[in-house]
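> Got a structure for you, written out below as C-alpha cells; questions coming shortly.
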Amino acid sequence: DLFFTTAFGVAIKAPKGRQVSFEKNRNFIYWLREHGFNIKGVTSDTFQSYDTGQTLIAKGYPYSVLSVDRVDTDHICKPYQYLKSTIYEKRIEMFQCELLRNELTDLERNINTGKVDHTESGSKDLADAVCGALYNASKNAEEFAYDYGENIDSIVNVSGNYEDNIKQQITVDFEEALKQIKDPLKNISTSD
C-alpha cells in the first residue's frame, strides 16, 4: 500500500467583503514551480474553476477537475474513503496544523447520502485540499512513487528532467520564502 507525506497546506481566507483571487492562487502555483517544487498534478473542484483550469493547461500544468464531494451510486465518497483508510492504516504523515486537525475531526458523513461535510459551524476547505491531493496522488502513484528504503537519488530520478529543481525543493525554507512575498492585503484600501 502507498504511504504519503504532506509537505504543507495553505488556507486562504478572503478579507471581509472580498473574494479570494483565482489569479493569485495561480500565481502561487507558478511561484512554487519557480522555486523548485516539481508539480505533477493540480486539481480543483468544478466551482468557478474553468478559467483556472484553462489557464494552467495553457501554461503546461497537468490539471484536472476533482470533486471530493461527489458520491457514487453506493453512497460512498471515494476520495474521503481513501483518506480515511490512509489515516486509519497509518500510511500518512501530515504536517502539524491545528486547522487541518480540527477540520478532519469535525467531518461528518451523512448516512443517507454518503456525503462528507463539516459541522454547521465548521469548515472543510483545507481537509478537502489534502483529501484531493492525496486522492490525485494515489491515482498517479505508479508513475511517481518510489519504494520504501530508496534514497534521495532514487527519488530525484523518478522526477526525470527536474533533478536540480527537486534538490532545491527538498532544501527550500518554505515559511521564510512565503514571508518574502508581498503582503496581498497591504494595498487594499478601506473606507469608513
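Note on naming: chains are A, B, ... as they come in the C-alpha cells, residues start from 1 per chain, ligands start from 1 in the order shown.
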For region 19-25 of chain A, please output as a VMD selection string all residues within 9 Å (counting only C-alpha atoms; exclusion window: fewer than 4 positions along the same chain).

chain A and resid 12 to 15 29 to 30 49 51 to 52 184

> Compile the contact shell of region 106-111 of chain A as a list in words: residues with an atom at most 12 Å away, counting only C-alpha atoms, same-chain residues fewer than 3 positions apart removed.

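Near region 106-111 of chain A, the qualifying residues are Asp69, Val71, Asp74, His75, Ile76, Cys77, Tyr80, Gln81, Lys84, Leu99, Leu100, Arg101, Asn102, Glu103, Gly114, Lys115, Val116, Asp117, His118, Thr119, Glu120, Ser121, Gly122, Ser123, Lys124, Asp125, Leu126, Ala127 and Asp128 of chain A.
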
> Using the selection just defined, write its residues with N, CA, C and O atoms as a tab-separated table (two decimals), in the first residue's frame.


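Below you can see again.tsv, which holds the result:
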```
chain	number	residue	atom	x	y	z
A	69	ASP	N	-16.52	16.01	-3.08
A	69	ASP	CA	-17.88	15.99	-2.52
A	69	ASP	C	-18.80	15.01	-3.23
A	69	ASP	O	-19.87	14.71	-2.75
A	71	VAL	N	-20.43	11.60	-4.55
A	71	VAL	CA	-20.57	10.23	-4.04
A	71	VAL	C	-21.01	9.33	-5.20
A	71	VAL	O	-21.66	9.78	-6.14
A	74	ASP	N	-23.27	3.85	-4.69
A	74	ASP	CA	-23.34	3.15	-3.41
A	74	ASP	C	-23.27	4.11	-2.22
A	74	ASP	O	-23.08	3.68	-1.08
A	75	HIS	N	-23.39	5.41	-2.49
A	75	HIS	CA	-23.33	6.45	-1.46
A	75	HIS	C	-21.98	6.47	-0.75
A	75	HIS	O	-21.90	6.64	0.47
A	76	ILE	N	-20.91	6.29	-1.52
A	76	ILE	CA	-19.56	6.34	-0.96
A	76	ILE	C	-18.79	7.47	-1.65
A	76	ILE	O	-18.77	7.57	-2.87
A	77	CYS	N	-18.21	8.31	-0.85
A	77	CYS	CA	-17.35	9.38	-1.35
A	77	CYS	C	-15.93	8.81	-1.41
A	77	CYS	O	-15.24	8.72	-0.39
A	80	TYR	N	-12.75	10.73	0.10
A	80	TYR	CA	-12.71	10.76	1.57
A	80	TYR	C	-12.59	9.34	2.16
A	80	TYR	O	-11.98	9.15	3.20
A	81	GLN	N	-13.15	8.36	1.50
A	81	GLN	CA	-12.99	6.98	1.96
A	81	GLN	C	-11.51	6.59	1.89
A	81	GLN	O	-10.99	5.95	2.80
A	84	LYS	N	-9.64	8.39	4.70
A	84	LYS	CA	-9.95	7.74	5.98
A	84	LYS	C	-9.13	6.46	6.14
A	84	LYS	O	-8.51	6.24	7.19
A	99	LEU	N	-5.75	23.82	12.35
A	99	LEU	CA	-6.93	23.97	11.50
A	99	LEU	C	-7.24	22.66	10.78
A	99	LEU	O	-8.38	22.21	10.77
A	100	LEU	N	-6.24	22.03	10.20
A	100	LEU	CA	-6.46	20.77	9.49
A	100	LEU	C	-6.95	19.69	10.44
A	100	LEU	O	-7.90	18.97	10.13
A	101	ARG	N	-6.32	19.59	11.59
A	101	ARG	CA	-6.74	18.58	12.57
A	101	ARG	C	-8.21	18.80	12.97
A	101	ARG	O	-9.00	17.86	13.02
A	102	ASN	N	-8.58	20.06	13.22
A	102	ASN	CA	-9.96	20.35	13.61
A	102	ASN	C	-10.95	20.03	12.48
A	102	ASN	O	-12.01	19.47	12.72
A	103	GLU	N	-10.57	20.41	11.26
A	103	GLU	CA	-11.47	20.12	10.13
A	103	GLU	C	-11.66	18.62	9.94
A	103	GLU	O	-12.78	18.15	9.74
A	114	GLY	N	-24.30	9.69	1.91
A	114	GLY	CA	-22.89	9.35	1.82
A	114	GLY	C	-21.98	10.56	1.75
A	114	GLY	O	-20.75	10.43	1.79
A	115	LYS	N	-22.55	11.74	1.64
A	115	LYS	CA	-21.75	12.95	1.52
A	115	LYS	C	-21.00	13.25	2.82
A	115	LYS	O	-21.55	13.12	3.91
A	116	VAL	N	-19.73	13.64	2.68
A	116	VAL	CA	-18.90	14.03	3.82
A	116	VAL	C	-18.93	15.54	3.90
A	116	VAL	O	-18.65	16.23	2.92
A	117	ASP	N	-19.28	16.07	5.06
A	117	ASP	CA	-19.39	17.52	5.20
A	117	ASP	C	-18.91	17.96	6.58
A	117	ASP	O	-18.66	17.14	7.45
A	118	HIS	N	-18.82	19.26	6.74
A	118	HIS	CA	-18.41	19.83	8.02
A	118	HIS	C	-19.61	20.09	8.90
A	118	HIS	O	-20.75	20.06	8.45
A	119	THR	N	-19.34	20.33	10.17
A	119	THR	CA	-20.41	20.67	11.10
A	119	THR	C	-20.96	22.04	10.72
A	119	THR	O	-20.36	22.77	9.94
A	120	GLU	N	-22.07	22.39	11.29
A	120	GLU	CA	-22.73	23.65	10.94
A	120	GLU	C	-21.83	24.86	11.16
A	120	GLU	O	-21.83	25.80	10.38
A	121	SER	N	-21.04	24.85	12.20
A	121	SER	CA	-20.18	26.00	12.50
A	121	SER	C	-18.76	25.84	11.97
A	121	SER	O	-17.93	26.71	12.15
A	122	GLY	N	-18.48	24.73	11.29
A	122	GLY	CA	-17.12	24.45	10.86
A	122	GLY	C	-16.87	24.73	9.39
A	122	GLY	O	-17.68	25.33	8.69
A	123	SER	N	-15.72	24.27	8.95
A	123	SER	CA	-15.33	24.37	7.54
A	123	SER	C	-14.56	23.10	7.19
A	123	SER	O	-14.20	22.31	8.06
A	124	LYS	N	-14.30	22.91	5.90
A	124	LYS	CA	-13.52	21.75	5.50
A	124	LYS	C	-12.66	22.05	4.27
A	124	LYS	O	-12.26	21.15	3.55
A	125	ASP	N	-12.34	23.30	4.04
A	125	ASP	CA	-11.57	23.68	2.85
A	125	ASP	C	-10.18	23.05	2.84
A	125	ASP	O	-9.75	22.50	1.82
A	126	LEU	N	-9.46	23.12	3.94
A	126	LEU	CA	-8.12	22.54	3.99
A	126	LEU	C	-8.19	21.01	3.96
A	126	LEU	O	-7.39	20.36	3.29
A	127	ALA	N	-9.18	20.45	4.63
A	127	ALA	CA	-9.38	19.00	4.59
A	127	ALA	C	-9.68	18.55	3.16
A	127	ALA	O	-9.16	17.53	2.70
A	128	ASP	N	-10.50	19.31	2.44
A	128	ASP	CA	-10.79	19.00	1.03
A	128	ASP	C	-9.52	19.05	0.20
A	128	ASP	O	-9.30	18.20	-0.67
```

> With only C-alpha atoms as the basis for distance, which of A:Thr5, A:Asn112, A:Asn136, A:Asn38 is at the shortest distance from Thr73 (chain A)?

A:Asn112

> Which residue is closest to Tyr61 (chain A)? Choose from A:Arg26, A:Thr86, A:Asp45, A:Cys131 and count only C-alpha atoms.

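Once distances to Tyr61 (chain A) are computed over only C-alpha atoms, the minimum belongs to A:Arg26.
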
> Of the candidates A:Glu143, A:Cys97, A:Lys90, A:Thr113, which shows the shortest atom-to-atom distance to Gly9 (chain A), using only C-alpha atoms?

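Of the candidates, the smallest distance to Gly9 (chain A) is held by A:Cys97.
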
> How far is it from CA of Leu83 (chain A) to CA of Phe47 (chain A), in Å with one decimal?

21.7 Å

> Return the single residue from A:Ala11, A:Leu2, A:Leu56, A:Val68 that is closest to Arg91 (chain A), with distances computed using only C-alpha atoms.

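Closest to Arg91 (chain A), using only C-alpha atoms: A:Leu2.
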